[in-house]
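Please read the structure below before turning to the comments.
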Amino acid sequence: MLFDTMDLAATFVFAISGATQGVRKQFDLFGVLVLAWVAAVAGGMARDLMIGAVPPAAIANWRYLAVTVAAGLLGFFASDLIARLRTPVLLFDAAGLCLFAVTGTQKALAYGLTPLMAAMLGMVTCIGGGVARDLLTRQIPTVLRSELYAVAALAGAGTVALGFWLGLPRHPIALAGAALCLFLRLMSIYRGWSLPVAVTRNKSSTETD
Amino acid sequence: MLFDTMDLAATFVFAISGATQGVRKQFDLFGVLVLAWVAAVAGGMARDLMIGAVPPAAIANWRYLAVTVAAGLLGFFASDLIARLRTPVLLFDAAGLCLFAVTGTQKALAYGLTPLMAAMLGMVTCIGGGVARDLLTRQIPTVLRSELYAVAALAGAGTVALGFWLGLPRHPIALAGAALCLFLRLMSIYRGWSLPVAVTRNKSSTETD
Amino acid sequence: MLFDTMDLAATFVFAISGATQGVRKQFDLFGVLVLAWVAAVAGGMARDLMIGAVPPAAIANWRYLAVTVAAGLLGFFASDLIARLRTPVLLFDAAGLCLFAVTGTQKALAYGLTPLMAAMLGMVTCIGGGVARDLLTRQIPTVLRSELYAVAALAGAGTVALGFWLGLPRHPIALAGAALCLFLRLMSIYRGWSLPVAVTRNKSSTETD
C-alpha cells in the first residue's frame, strides 16, 4: 500500500520532469505526454523486464498511465508557472530519483535478487527514465556528466539493500535511503558536489554542450 | 493468416522507411540493412517483450528477417528511384504506422491485456521502430514533434481496442482503425494538421533542427 | 567453463572501450563506470531478454559487475596510458566484438533458436553494447557507418551457427569464427576495407560528423 503510493508519487514527479523538458524542446501536446510517460516508466520497465515481471507494472496497471497523463497535462498547460519556479526540472527529478531508488530496490528484492544486484536494479529504475528522456530530446544523459546523480541513486538503493541484508525494519530503512539519496543530489545541485573527471591531455576532443 | 500478411506488409514498409533514412545519412550497405531491420521490428519487439511473448516474433520467425533484408536491398539499390518519389519516407512510414497500429493492438489483446493497455501497446508497436530509427540516426524522433504521428497511431489502436471491448466484428474494425490512422497522418503531412505546442517565454532555450 | 571465461573476457574489453569513450567525453568517475557497464552488458542483456533468459546473466551474476567496475576504474585512472596506445578504443572494441560473436551465438543456440536466428542474436550481442555506448555519448553508432563492424560480427556468429548446423566440433569452430571476425574488423581498421555506400544525388542532406 505504502509501496504503491510511493511508486505512483515517484512516477508523477518523473513525469513532470519529462513534460517540462518536452515543453522546453517545443514538443507538441502528445509528444509532451509521451515524453512524460517515458521519463516516468522507462526505468521501472527495464527493471521489470530484467526480473521477469511481465507485463511490467506500468503496462499491467492503468494507474501509472493515468498519473503520467495528469502530470503531462500539468506540465504542458502550466509550463509558465513551472518555468518560473527555480530549476523545477532538477528538483522534481531529484525527488523522483529518491523514491524510485527505494521502490525499485524493494521490488527487485521481492523478486529474489541478491542485495548487491537489487541495488543495481534500484539504480537502473532511477536512471532509466532520465536516460530515455534525455536520449529522446537528444541530450547527453545528465547521469553521465559530473554531477552526483546515479551515485545518489545508488547510495539510496544500496542503503535499502544493506538494510534488507542486515534484517533491519523496512520502513525506517526506506526513509533513510531516500533521505541519503535526496541529500546527495541536493548537495550536487546547490553546492556543486561532484565526482572527479579524468585528466586527459587531448582536450580538443572533448565535447561542449 | 490475414494478421500475418498484414504484419509482414507493415514490416516491409517500415523497413523501407528505415533503409531510405539510412541511405540519406550515408550509411553503408550493412548499416542500411540494420537500420531497415531496427525500424521494422523494434516496436514489435518492445511489445512482445512487454507481454511476455519471448522469443519475439521478429526473432522466432525468419520471415521478418527475409522481408526486412529485401526491403533494405530495395531501399539501398533503388535509392534514386525512391528519392524521386514525393516524400517517400513519410508515406511508407504512414502506411506502416496504420498496419502496426492494428496488428500490434490485436496481438496485445490476444495476450489478455485490457483494451486500454492494448491500445497503448499498439501505439508502442507503431512508434517504437520509428523512435529507434531516429535515435540511431541522431534525430529527435518525429513522433515527439508537432505532427499527428503517435496520435494517429493511438487513434487507430484505440479504434481496434474499442471495437474489441464492444464485441464488434474484427476485420471491419481493423479496417476502420487503419483508415482513421492513415487519414489523420495524411492530413498532418499534406494539410499541416497538428497539435498545439506549449507557449513559453524562454524562446532562447528551444532547439532548432 | 571456457564459455564463462571468454564471456567475462569479452565483457572486460567492451567495458574498457566504454570507459575510454567516457573519459574522452569528460564524464565523471561514476559516469565512466556506468558507460563501461552499459557498453559491456547491453548487447548480452538484449539477447537474454529476447531468448527469455531472465534475469539476464549480467544481472544474475555478480562477476560481470565486478569485471566491469575493474575495467572502468582502469580506463578512468589509466586514461593517459590508454590514450597513448594507438586507437585503443577500436582495438579493444574489435576484440570484444569477436568474443561476443562467438559466445552470444552459442548461448542463443543453447536456448534452442535456429542457427539463422542464433547468428542474428550473436550479432545483436556484439553490437548492442557499442550502439548503447554511442547513443549515450551522442554519436551515430559506429556499426552503421561505412566500416566492417556488424558485418564482421555476423561473419563470426554465422561461422559458429553454420558449424553447429553441420555438427562440427565446437571449440575449433568457435576459434574459426572469432578469427574471421577479428580479421575482417582489423582489415577494416588498417586497410580501410568497407562496404559500399549508396550513390544519391541530394548530397546536401547528408550529415557530416
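So you can find residues: chains in the C-alpha cells are A, B, ... in the order shown, residues in each start at 1, and ligands are numbered from 1 in order.
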
Contact residues around stretch 141-155 of chain A with only C-alpha atoms at 6 Å, ignoring same-chain residues under 4 positions, as number ranges by chain: A: 101, 123, 131, 134, 181, 184-185, 188, 194; C: 27-28, 31

May I have the selected residues written with C-alpha atoms, as a CSV table (one decimal), in the first residue's frame?
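Wrote out.csv, looks like this:
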chain,number,residue,atom,x,y,z
A,101,ALA,CA,15.8,4.2,-5.6
A,123,MET,CA,19.7,2.4,-9.6
A,131,VAL,CA,18.3,8.5,-19.7
A,134,ASP,CA,17.5,12.7,-22.5
A,181,CYS,CA,19.8,10.0,-1.9
A,184,LEU,CA,23.5,13.9,-2.1
A,185,ARG,CA,21.5,15.1,-5.1
A,188,SER,CA,25.2,18.3,-6.0
A,194,SER,CA,30.7,16.2,-7.8
C,27,PHE,CA,32.2,12.0,-17.9
C,28,ASP,CA,32.8,11.8,-14.2
C,31,GLY,CA,29.5,8.1,-15.4

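Residues in contact with B:Gly72 at 7 Å, where only C-alpha atoms are counted and same-chain residues fewer than 6 positions away are skipped, are listed as Ala15, Ile16, Ala19, Val32, Leu33 and Ala36 of chain B.
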
Expected answer as JSON, numbers by chain: alpha helix (DSSP H) residues in stretch 111-177 of chain A: {"A": [115, 116, 117, 118, 119, 120, 121, 122, 123, 124, 125, 126, 127, 128, 129, 130, 131, 132, 133, 134, 135, 136, 150, 151, 152, 153, 154, 155, 156, 157, 158, 159, 160, 161, 162, 163, 164, 165, 166, 170, 171, 172, 173, 174, 175, 176, 177]}

At most 8 Å to chain B: residues in chain A, only C-alpha atoms, as a list in words: Val23, Arg24, Lys25, Gln26, Phe27, Asp28, Leu29, Phe30, Gly31, Val32, Val34, Leu35, Leu49, Val54, Pro55, Pro56, Ile59, Ala60, Trp62, Phe76, Phe77, Ser79, Asp80, Leu135, Leu136, Thr137 and Arg138 of chain A

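From atom CA of B:Val41 back to atom CA of B:Leu73, the distance works out to 16.5 Å.
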
B:Gly177 environment, 12 Å, only C-alpha atoms, sequence neighbours closer than 6 positions dropped, as a ChimeraX atom specification: /B:97-106,119,122,152-164,170-171,183-184
